[in-house]
file protein30.txt (compact mmCIF, C-alpha atoms)
# COMPACT_ATOMS: atom_id res chain seq x y z
CA MET A 293 102.12 190.09 320.66
CA ALA A 294 105.43 188.49 321.40
CA TRP A 295 107.05 186.39 318.67
CA PRO A 296 108.67 183.06 319.53
CA HIS A 297 112.39 183.35 319.85
CA SER A 298 112.94 180.48 317.47
CA LEU A 299 111.39 182.39 314.60
CA GLY A 300 113.79 185.29 314.85
CA ARG A 301 112.90 188.92 315.26
CA ARG A 302 110.68 191.27 313.32
CA SER A 303 112.24 194.05 311.29
CA SER A 304 111.01 197.60 311.32
CA VAL A 305 108.95 196.89 308.18
CA GLY A 306 107.34 193.77 309.52
CA MET A 307 109.65 191.10 307.93
CA VAL A 308 111.00 188.22 309.94
CA LEU A 309 114.79 188.24 309.98
CA PRO A 310 116.91 185.10 310.44
CA LYS A 311 118.42 184.43 313.75
CA PRO A 312 121.74 186.14 314.34
CA GLY A 313 124.72 183.96 313.36
CA ARG A 314 122.77 181.59 310.99
CA LYS A 315 124.29 181.03 307.45
CA ASP A 316 122.57 179.87 304.18
CA ALA A 317 123.15 176.17 303.58
CA GLY A 318 125.28 175.08 300.45
CA LEU A 319 126.27 171.80 298.68
CA SER A 320 128.87 169.75 300.42
CA LEU A 321 131.80 168.07 298.58
CA ILE A 322 130.10 164.71 298.88
CA GLU A 323 126.94 166.06 297.29
CA LEU A 324 128.97 167.56 294.39
CA MET A 325 130.72 164.24 293.82
CA VAL A 326 127.41 162.36 293.80
CA ALA A 327 125.98 164.88 291.30
CA PHE A 328 129.06 164.52 289.10
CA VAL A 329 128.82 160.72 289.13
CA ILE A 330 125.15 160.89 288.15
CA PHE A 331 125.92 163.38 285.35
CA ALA A 332 128.78 161.22 284.08
CA GLY A 333 126.52 158.18 284.05
CA LEU A 334 123.89 160.04 282.05
CA MET A 335 126.54 161.16 279.55
CA VAL A 336 127.78 157.58 279.10
CA ILE A 337 124.23 156.43 278.42
CA LEU A 338 123.67 159.32 275.99
CA VAL A 339 126.92 158.72 274.10
CA GLY A 340 126.17 155.01 273.93
CA ALA A 341 122.82 155.79 272.37
CA VAL A 342 124.16 158.41 269.93
CA GLU A 343 127.35 156.61 268.78
CA PRO A 344 125.62 153.91 266.67
CA VAL A 345 123.50 156.58 265.00
CA SER A 346 126.59 158.72 264.32
CA ARG A 347 128.53 155.74 262.99
CA THR A 348 125.65 154.78 260.71
CA TRP A 349 125.41 158.35 259.42
CA VAL A 350 129.17 158.55 258.70
CA GLU A 351 129.10 155.17 256.98
CA SER A 352 126.16 156.30 254.87
CA GLU A 353 128.04 159.46 253.88
CA ARG A 354 131.03 157.37 252.83
CA LYS A 355 128.84 155.07 250.77
CA VAL A 356 127.17 158.04 249.05
CA LEU A 357 130.54 159.64 248.24
CA SER A 358 132.00 156.37 246.95
CA TYR A 359 128.83 155.71 244.95
CA GLN A 360 128.81 159.18 243.40
CA ARG A 361 132.44 158.98 242.30
CA ALA A 362 132.18 155.49 240.87
CA ARG A 363 128.89 156.13 239.12
CA GLY A 364 130.20 159.44 237.81
CA ALA A 365 133.20 157.70 236.24
CA LEU A 366 131.06 154.93 234.76
CA GLU A 367 128.54 157.42 233.40
CA LEU A 368 131.32 159.39 231.69
CA LEU A 369 132.75 156.19 230.22
CA THR A 370 129.28 155.11 229.08
CA ARG A 371 128.55 158.47 227.46
CA GLU A 372 131.81 158.36 225.49
CA LEU A 373 131.65 154.68 224.66
CA THR A 374 128.06 154.49 223.37
CA PRO A 375 128.72 156.32 220.05
CA ALA A 376 131.99 154.45 219.30
CA VAL A 377 132.60 153.90 215.58
CA VAL A 378 134.78 151.63 213.49
CA ASP A 379 135.45 150.97 209.80
CA THR A 380 138.31 149.77 207.59
CA ARG A 381 140.35 152.84 208.52
CA MET A 382 140.07 152.69 212.30
CA GLN A 383 140.14 150.25 215.15
CA PHE A 384 138.38 149.36 218.40
CA ALA A 385 140.64 147.50 220.81
CA VAL A 386 140.76 145.96 224.26
CA VAL A 387 144.33 145.01 225.19
CA PRO A 388 146.28 143.96 228.30
CA GLY A 389 147.86 146.72 230.36
CA THR A 390 151.36 145.57 229.44
CA MET A 391 150.85 146.84 225.89
CA LEU A 392 150.15 150.37 227.10
CA GLU A 393 153.07 150.29 229.51
CA GLU A 394 155.40 149.27 226.68
CA VAL A 395 154.74 152.58 224.91
CA GLY A 396 155.44 154.67 228.02
CA ALA A 397 152.32 154.74 230.20
CA PRO A 398 153.44 154.57 233.87
CA SER A 399 152.17 152.17 236.56
CA VAL A 400 149.60 150.39 234.40
CA VAL A 401 148.28 147.20 236.01
CA GLU A 402 149.44 144.46 233.66
CA ASP A 403 146.50 142.14 234.35
CA SER A 404 143.94 144.88 233.78
CA PRO A 405 142.43 145.72 230.38
CA VAL A 406 142.98 148.89 228.38
CA ILE A 407 140.09 149.94 226.16
CA LEU A 408 140.74 152.21 223.15
CA TRP A 409 138.27 153.55 220.59
CA MET A 410 137.15 156.43 218.37
CA ALA A 411 133.91 158.36 218.81
CA PRO A 412 132.30 161.56 217.45
CA LEU A 413 132.68 163.58 220.64
CA GLY A 414 133.63 166.97 219.27
CA ARG A 415 131.44 170.03 219.21
CA TYR A 416 130.51 169.35 215.61
CA GLY A 417 130.74 165.58 215.73
CA ASP A 418 134.49 165.45 215.14
CA LEU A 419 136.21 162.17 215.95
CA ARG A 420 138.13 161.86 219.18
CA CYS A 421 140.36 159.07 220.41
CA VAL A 422 139.49 157.89 223.93
CA GLY A 423 141.00 155.29 226.22
CA TYR A 424 140.66 154.07 229.83
CA TYR A 425 143.14 152.06 231.90
CA LEU A 426 143.96 151.16 235.51
CA PHE A 427 146.82 153.02 237.24
CA ARG A 428 148.45 151.76 240.46
CA ASP A 429 151.30 153.49 242.27
CA GLU A 430 151.56 151.47 245.47
CA ASP A 431 154.49 153.48 246.84
CA ARG A 432 152.35 156.63 246.86
CA GLN A 433 149.13 154.74 247.60
CA LEU A 434 147.49 155.94 244.38
CA PHE A 435 144.90 153.73 242.71
CA ARG A 436 143.09 155.38 239.83
CA LEU A 437 141.04 154.79 236.74
CA LYS A 438 142.78 156.90 234.09
CA ARG A 439 141.45 158.41 230.88
CA ILE A 440 143.41 159.49 227.80
CA PHE A 441 141.74 161.87 225.35
CA VAL A 442 143.28 162.84 221.99
CA LYS A 443 141.90 165.41 219.53
CA PRO A 444 142.78 165.36 215.80
CA THR A 445 144.24 168.87 215.92
CA VAL A 446 145.92 171.05 218.53
CA GLU A 447 146.60 174.77 218.75
CA ASP A 448 146.56 176.66 215.45
CA GLN A 449 144.77 173.62 213.95
CA LYS A 450 148.02 171.70 213.57
CA GLU A 451 147.76 167.96 213.20
CA ASN A 452 148.04 166.16 216.51
CA PRO A 453 151.02 163.75 216.43
CA TYR A 454 149.24 161.42 218.88
CA PHE A 455 146.02 161.16 216.91
CA PRO A 456 145.70 157.89 214.95
CA THR A 457 145.90 158.33 211.18
CA VAL A 458 142.54 158.23 209.46
CA GLY A 459 142.73 158.34 205.66
CA ASN A 460 140.79 161.41 204.54
CA SER A 461 142.99 163.10 201.95
CA GLU A 462 141.50 164.28 198.62
CA ASN A 463 144.81 163.80 196.80
CA ILE A 464 144.98 160.50 194.87
CA GLU A 465 148.68 159.95 195.56
CA ASP A 466 148.18 160.62 199.25
CA LEU A 467 145.31 158.18 199.31
CA LYS A 468 147.53 155.48 197.83
CA LYS A 469 150.06 156.07 200.61
CA GLU A 470 147.33 156.17 203.22
CA SER A 471 145.85 152.91 202.00
CA LEU A 472 148.48 150.99 203.95
CA SER A 473 147.66 152.84 207.18
CA MET A 474 143.99 152.10 206.55
CA ARG A 475 144.72 148.38 206.79
CA THR A 476 144.44 148.01 210.53
CA SER A 477 146.23 144.99 211.94
CA PRO A 478 144.20 141.88 212.82
CA VAL A 479 146.59 141.06 215.69
CA GLU A 480 148.08 144.34 216.97
CA PRO A 481 146.65 147.62 218.35
CA ASN A 482 149.37 149.56 216.55
CA TRP A 483 146.84 151.85 214.89
CA PHE A 484 146.68 153.53 218.32
CA LEU A 485 149.92 152.66 220.05
CA ASP A 486 152.36 153.40 217.21
CA GLN A 487 151.46 157.07 217.65
CA TRP A 488 152.09 157.23 221.43
CA ASP A 489 155.13 157.56 223.67
CA ALA A 490 155.96 158.36 227.29
CA LYS A 491 155.40 162.11 226.74
CA ALA A 492 151.79 161.45 225.82
CA PHE A 493 151.18 160.19 229.38
CA ASP A 494 153.11 162.92 231.20
CA GLU A 495 150.42 164.56 233.33
CA GLU A 496 152.89 166.96 234.96
CA ASP A 497 153.85 168.55 231.64
CA ALA A 498 151.73 171.70 231.52
CA TYR A 499 152.63 172.21 227.86
CA ASN A 500 151.36 168.81 226.75
CA LYS A 501 147.99 169.58 225.20
CA ASP A 502 148.25 166.92 222.51
CA ALA A 503 147.23 163.99 224.72
CA ILE A 504 145.18 164.80 227.82
CA VAL A 505 145.53 162.24 230.59
CA SER A 506 143.23 162.70 233.59
CA THR A 507 141.84 160.77 236.56
CA ALA A 508 138.34 159.41 235.97
CA ALA A 509 138.01 157.97 239.50
CA ASP A 510 140.21 157.66 242.61
CA GLY A 511 140.54 154.58 244.79
CA VAL A 512 139.97 152.06 241.97
CA LEU A 513 141.70 148.75 242.75
CA ALA A 514 140.43 146.63 239.86
CA PHE A 515 138.93 147.12 236.40
CA TRP A 516 137.35 144.60 234.02
CA ILE A 517 135.96 144.84 230.48
CA GLN A 518 133.57 142.19 229.16
CA CYS A 519 132.61 142.29 225.47
CA TYR A 520 129.35 140.71 224.26
CA ASP A 521 128.16 139.73 220.78
CA ILE A 522 124.74 140.44 219.28
CA LEU A 523 123.13 137.40 220.92
CA GLY A 524 124.38 138.51 224.33
CA ASN A 525 127.18 135.98 224.78
CA PRO A 526 130.68 136.91 226.00
CA VAL A 527 133.19 137.20 223.16
CA PRO A 528 136.24 134.93 223.66
CA TRP A 529 139.56 136.68 224.11
CA LEU A 530 141.49 136.97 220.86
CA SER A 531 144.60 135.77 222.73
CA LYS A 532 142.81 132.51 223.68
CA VAL A 533 141.12 131.44 220.43
CA LYS A 534 142.29 128.84 217.92
CA ASN A 535 142.55 129.18 214.14
CA HIS A 536 143.12 132.94 214.23
CA PRO A 537 146.69 134.28 213.92
CA LYS A 538 148.39 134.60 217.31
CA SER A 539 147.67 137.81 219.23
CA GLU A 540 147.94 139.15 222.78
CA MET A 541 144.79 141.25 222.41
CA VAL A 542 141.51 140.76 224.27
CA TYR A 543 139.29 142.19 221.53
CA ASN A 544 140.11 143.63 218.12
CA SER A 545 137.52 144.97 215.71
CA ALA A 546 139.92 144.26 212.83
CA ALA A 547 140.31 140.55 213.64
CA TYR A 548 139.04 137.77 211.39
CA PHE A 549 135.74 136.66 212.90
CA ASN A 550 132.04 136.22 212.23
CA GLN A 551 129.15 136.74 214.63
CA ALA A 552 125.73 135.12 214.58
CA ASN A 553 122.96 137.67 214.09
CA VAL A 554 119.74 135.73 214.77
CA GLU A 555 120.61 132.31 216.14
CA PRO A 556 123.82 130.45 217.05
CA PHE A 557 125.93 128.66 214.45
CA GLU A 558 125.61 124.90 214.01
CA ASP A 559 128.20 124.18 216.72
CA GLY A 560 126.31 126.39 219.20
CA SER A 561 128.86 129.23 219.19
CA THR A 562 127.91 132.83 218.43
CA THR A 563 131.38 134.23 217.59
CA VAL A 564 133.69 132.26 215.30
CA PHE A 565 137.31 133.24 214.60
CA LEU A 566 138.90 132.46 211.25
CA LYS A 567 142.30 131.62 209.82
CA GLU A 568 144.05 134.25 207.75
CA THR A 569 143.61 133.39 204.08
CA ARG A 570 143.28 135.25 200.81
CA TYR A 571 139.53 135.20 201.26
CA ALA A 572 139.30 135.91 204.99
CA MET A 573 137.63 139.22 205.71
CA LYS A 574 138.30 141.40 208.72
CA ALA A 575 135.19 141.86 210.77
CA ASN A 576 135.64 145.62 211.33
CA ARG A 577 132.94 145.21 213.93
CA LEU A 578 132.23 146.59 217.39
CA PRO A 579 130.97 144.53 220.31
CA ALA A 580 127.20 144.79 220.66
CA GLU A 581 127.52 145.51 224.38
CA ILE A 582 130.27 146.06 226.91
CA GLU A 583 130.12 145.45 230.65
CA ILE A 584 132.43 147.59 232.76
CA THR A 585 133.19 146.64 236.37
CA ILE A 586 135.36 148.42 238.93
CA VAL A 587 136.25 147.77 242.57
CA THR A 588 136.79 150.90 244.66
CA LEU A 589 138.07 151.71 248.14
CA ASP A 590 136.85 154.41 250.54
CA ASP A 591 139.17 157.38 251.02
CA ASP A 592 139.51 156.93 254.76
CA VAL A 593 140.54 153.28 254.61
CA SER A 594 144.22 153.05 255.47
CA ILE A 595 146.05 150.39 253.49
CA GLN A 596 149.53 151.51 254.48
CA GLY A 597 151.73 148.43 254.53
CA ILE A 598 148.95 146.20 253.15
CA GLU A 599 149.69 144.40 249.91
CA ILE A 600 147.07 144.91 247.22
CA PRO A 601 146.46 141.54 245.58
CA PRO A 602 146.74 141.24 241.80
CA MET A 603 143.55 141.30 239.77
CA LYS A 604 141.92 137.94 239.32
CA THR A 605 141.21 137.13 235.67
CA VAL A 606 139.33 133.86 235.35
CA LEU A 607 138.36 132.61 231.90
CA THR A 608 135.66 130.17 230.82
CA SER A 609 136.37 127.05 228.79
CA SER A 610 135.57 129.03 225.64
CA GLY A 611 138.25 131.60 226.43
CA ALA A 612 135.86 134.39 227.48
CA LEU A 613 136.17 136.31 230.72
CA ASP A 614 134.22 134.81 233.61
CA LEU A 615 133.37 138.17 235.13
CA GLU A 616 131.42 136.97 238.16
CA VAL A 617 134.12 134.54 239.32
CA SER A 618 136.90 137.04 238.61
CA VAL A 619 135.28 139.75 240.74
CA ARG A 620 134.44 137.37 243.57
CA SER A 621 137.98 135.95 243.64
CA PHE A 622 139.48 139.43 243.84
CA GLN A 623 137.12 140.46 246.65
CA ASP A 624 138.06 137.33 248.60
CA ALA A 625 141.75 138.14 248.13
CA LEU A 626 141.15 141.67 249.45
CA LYS A 627 139.48 140.28 252.58
CA GLU A 628 142.34 137.84 253.16
CA ASN A 629 144.72 140.83 253.11
CA GLY A 630 142.60 142.70 255.65
CA ILE A 631 140.81 145.06 253.25
CA LEU A 632 137.15 144.75 254.18
CA ARG A 633 135.57 147.95 252.89
CA SER A 634 135.71 147.68 249.12
CA ARG A 635 132.77 148.29 246.82
CA THR A 636 132.01 146.88 243.38
CA PHE A 637 130.23 148.86 240.67
CA SER A 638 129.19 147.62 237.26
CA THR A 639 127.38 148.96 234.22
CA ARG A 640 126.47 147.51 230.83
CA VAL A 641 126.74 149.71 227.74
CA LYS A 642 124.97 149.10 224.44
CA LEU A 643 127.05 150.41 221.54
CA LEU A 644 125.01 152.14 218.86
CA GLY A 645 127.22 150.79 216.09
CA GLY A 646 127.52 147.28 217.51
CA SER A 647 124.22 145.78 216.35

call {"tool": "encode", "arguments": {"input": "protein30.txt", "output": "structure tokens"}}
result
Amino acid sequence: MAWPHSLGRRSSVGMVLPKPGRKDAGLSLIELMVAFVIFAGLMVILVGAVEPVSRTWVESERKVLSYQRARGALELLTRELTPAVVDTRMQFAVVPGTMLEEVGAPSVVEDSPVILWMAPLGRYGDLRCVGYYLFRDEDRQLFRLKRIFVKPTVEDQKENPYFPTVGNSENIEDLKKESLSMRTSPVEPNWFLDQWDAKAFDEEDAYNKDAIVSTAADGVLAFWIQCYDILGNPVPWLSKVKNHPKSEMVYNSAAYFNQANVEPFEDGSTTVFLKETRYAMKANRLPAEIEITIVTLDDDVSIQGIEIPPMKTVLTSSGALDLEVSVRSFQDALKENGILRSRTFSTRVKLLGGS
């Protein structure tokens, strides 16, 4: 049987071979370009769909990291602050940052508070001196919540020169001398600060093991401390009250004051400050609770060339810190300066010895 010429010719094994001179067809340049355009369009659609998800994931990671750091710092502060103690020989103080800078601490924010106290934090319940303050070095873009930690002894059990003096001698003559140091000031935090100098805050000195200064949290732009009395009302700043001797301090356990325990006093107040008289007694009393608030910034937010506004400290008519208004005012100032991604964290600590 003869095969049509158009179908080609049969091979010796019975297969039909293509016609002589015919080549396999390929993709033309136009077809490649069309395929590329289609592929590019699909990629644009895919990227457009994936980008919001990726952005949301990255933002969530940033929030988690910022949250972990801030909460970690506040948890450490809470753990150390809860067992704070005070008596006639020692002091609990909240002071303006200028006071710490005057004794040598670098780059302390003057409008921020410094909190200083003693607590049994040693392995066997030994007292330790602890403090927290806000550090800002705008030239190097460093914004940190700092912690200072002082033990009573250093190497070879020598007395630590930076540890506040606590009268504990068994010698009668020594006790008589120590009695003056046991009289903590009602207006000054010198029980702490008289012991400290610039070397105490030198973090780059590898040989300084007397006072340990470390970073509790990075990226902290603002820091507030609110002290509360037993009935849950904010305690007025010592620097703003009447009757009491003049002081620059925010809170001083050794000030002359009384606090209501069950119900407010006749005038409706719950903390009353007193004049210094022969019969006036120092309170030697801790706040019942303390609220700690910080404003942080994400690591990847560039603030190069952006001015960080000063902390807003708004007080009520009674002279206590208006925490809510202060925080909101500072956040508004940040937004006005173009800083939109700040986060605020707050915790309230009940002091065991404050009730």

call {"tool": "residues_near_point", "arguments": {"input": "protein30.txt", "point": "(145.0, 132.5, 205.5)", "cutoff": "10 Å", "atoms": "all atoms listed in the file", "output": "ChimeraX atom specification"}}
result
/A:535-537,548,566-573

call {"tool": "residues_around", "arguments": {"input": "protein30.txt", "residues": "range 418-429 of chain A", "least_positions_apart": "6", "cutoff": "8 Å", "atoms": "only C-alpha atoms", "output": "PyMOL selection string"}}
result
chain A and resi 372+389+398-401+404-412+435-444+455-456+512-515

call {"tool": "residues_around", "arguments": {"input": "protein30.txt", "residues": "range 361-365 of chain A", "least_positions_apart": "5", "cutoff": "7 Å", "atoms": "all atoms listed in the file", "output": "JSON list (two decimals) with C-alpha atoms, keeping the file's coordinate frame"}}
result
[["chain", "number", "residue", "atom", "x", "y", "z"],
["A", 508, "ALA", "CA", 138.34, 159.41, 235.97],
["A", 509, "ALA", "CA", 138.01, 157.97, 239.50],
["A", 637, "PHE", "CA", 130.23, 148.86, 240.67]]

call {"tool": "atom_distance", "arguments": {"input": "protein30.txt", "atom1": "CA of Thr370 in chain A", "atom2": "CA of Thr507 in chain A"}}
result
15.7 Å

call {"tool": "atom_distance", "arguments": {"input": "protein30.txt", "atom1": "CA of Glu367 in chain A", "atom2": "CA of Val641 in chain A"}}
result
9.7 Å

call {"tool": "atom_distance", "arguments": {"input": "protein30.txt", "atom1": "CA of Leu613 in chain A", "atom2": "CA of Pro526 in chain A"}}
result
7.3 Å

call {"tool": "residues_near_point", "arguments": {"input": "protein30.txt", "point": "(140.8, 139.0, 243.0)", "cutoff": "9 Å", "atoms": "only C-alpha atoms", "output": "ChimeraX atom specification"}}
result
/A:514,601-605,617-626

call {"tool": "closest_residue", "arguments": {"input": "protein30.txt", "among": "A:Pro481, A:Pro556, A:Gly333, A:Gly611", "to": "Pro528 in chain A", "atoms": "all atoms listed in the file"}}
result
A:Gly611

call {"tool": "residues_around", "arguments": {"input": "protein30.txt", "residues": "range 489-494 of chain A", "least_positions_apart": "5", "cutoff": "7 Å", "atoms": "all atoms listed in the file", "output": "compact mmCIF listing (two decimals) with C-alpha atoms, keeping the file's coordinate frame"}}
result
# COMPACT_ATOMS: atom_id res chain seq x y z
CA VAL A 395 154.74 152.58 224.91
CA GLY A 396 155.44 154.67 228.02
CA ALA A 397 152.32 154.74 230.20
CA ALA A 503 147.23 163.99 224.72
CA VAL A 505 145.53 162.24 230.59

call {"tool": "closest_residue", "arguments": {"input": "protein30.txt", "among": "A:Gln433, A:Ser477, A:Ser561, A:Thr585", "to": "Gln383 in chain A", "atoms": "all atoms listed in the file"}}
result
A:Ser477

call {"tool": "residues_around", "arguments": {"input": "protein30.txt", "residues": "Glu402 in chain A", "least_positions_apart": "5", "cutoff": "9 Å", "atoms": "only C-alpha atoms", "output": "list in words"}}
result
Pro388, Gly389, Thr390, Met391, Leu392, Glu393 and Leu426 of chain A

call {"tool": "closest_residue", "arguments": {"input": "protein30.txt", "among": "A:Glu599, A:Glu616, A:Lys627, A:Val479", "to": "Val386 in chain A", "atoms": "only C-alpha atoms"}}
result
A:Val479

call {"tool": "axis_aligned_box", "arguments": {"input": "protein30.txt", "around": "range 514-520 of chain A", "padding_each_side": "4 Å", "output": "lines of an AutoDock Vina configuration file"}}
result
center_x = 134.9
center_y = 143.9
center_z = 232.1
size_x = 19.1
size_y = 14.4
size_z = 23.6

call {"tool": "closest_residue", "arguments": {"input": "protein30.txt", "among": "A:Thr562, A:Asn482, A:Thr588, A:Asn576", "to": "Ser545 in chain A", "atoms": "only C-alpha atoms"}}
result
A:Asn576

call {"tool": "closest_residue", "arguments": {"input": "protein30.txt", "among": "A:Ala546, A:Leu413, A:Ile582, A:Val446", "to": "Arg640 in chain A", "atoms": "all atoms listed in the file"}}
result
A:Ile582

call {"tool": "decode", "arguments": {"input": "protein30.txt", "residues": "range 383-403 of chain A", "atoms": "C-alpha atoms", "output": "PDB file, in the first residue's frame"}}
result
ATOM      1  CA  GLN A 383      16.022  55.928 103.827  1.00  0.00           C
ATOM      2  CA  PHE A 384      13.711  55.415 100.849  1.00  0.00           C
ATOM      3  CA  ALA A 385      13.873  58.286  98.378  1.00  0.00           C
ATOM      4  CA  VAL A 386      12.510  59.492  95.062  1.00  0.00           C
ATOM      5  CA  VAL A 387      14.436  62.544  93.843  1.00  0.00           C
ATOM      6  CA  PRO A 388      14.810  64.589  90.645  1.00  0.00           C
ATOM      7  CA  GLY A 389      17.524  63.525  88.219  1.00  0.00           C
ATOM      8  CA  THR A 390      19.507  66.710  88.869  1.00  0.00           C
ATOM      9  CA  MET A 391      20.411  65.447  92.341  1.00  0.00           C
ATOM     10  CA  LEU A 392      22.040  62.310  90.934  1.00  0.00           C
ATOM     11  CA  GLU A 393      23.857  64.273  88.255  1.00  0.00           C
ATOM     12  CA  GLU A 394      25.296  66.593  90.895  1.00  0.00           C
ATOM     13  CA  VAL A 395      27.186  63.676  92.460  1.00  0.00           C
ATOM     14  CA  GLY A 396      28.674  62.538  89.144  1.00  0.00           C
ATOM     15  CA  ALA A 397      26.114  60.416  87.295  1.00  0.00           C
ATOM     16  CA  PRO A 398      26.360  61.253  83.556  1.00  0.00           C
ATOM     17  CA  SER A 399      23.497  62.198  81.203  1.00  0.00           C
ATOM     18  CA  VAL A 400      20.695  61.868  83.748  1.00  0.00           C
ATOM     19  CA  VAL A 401      17.422  63.395  82.538  1.00  0.00           C
ATOM     20  CA  GLU A 402      16.805  66.250  84.968  1.00  0.00           C
ATOM     21  CA  ASP A 403      13.012  66.056  84.767  1.00  0.00           C
TER      22      ASP A 403
END
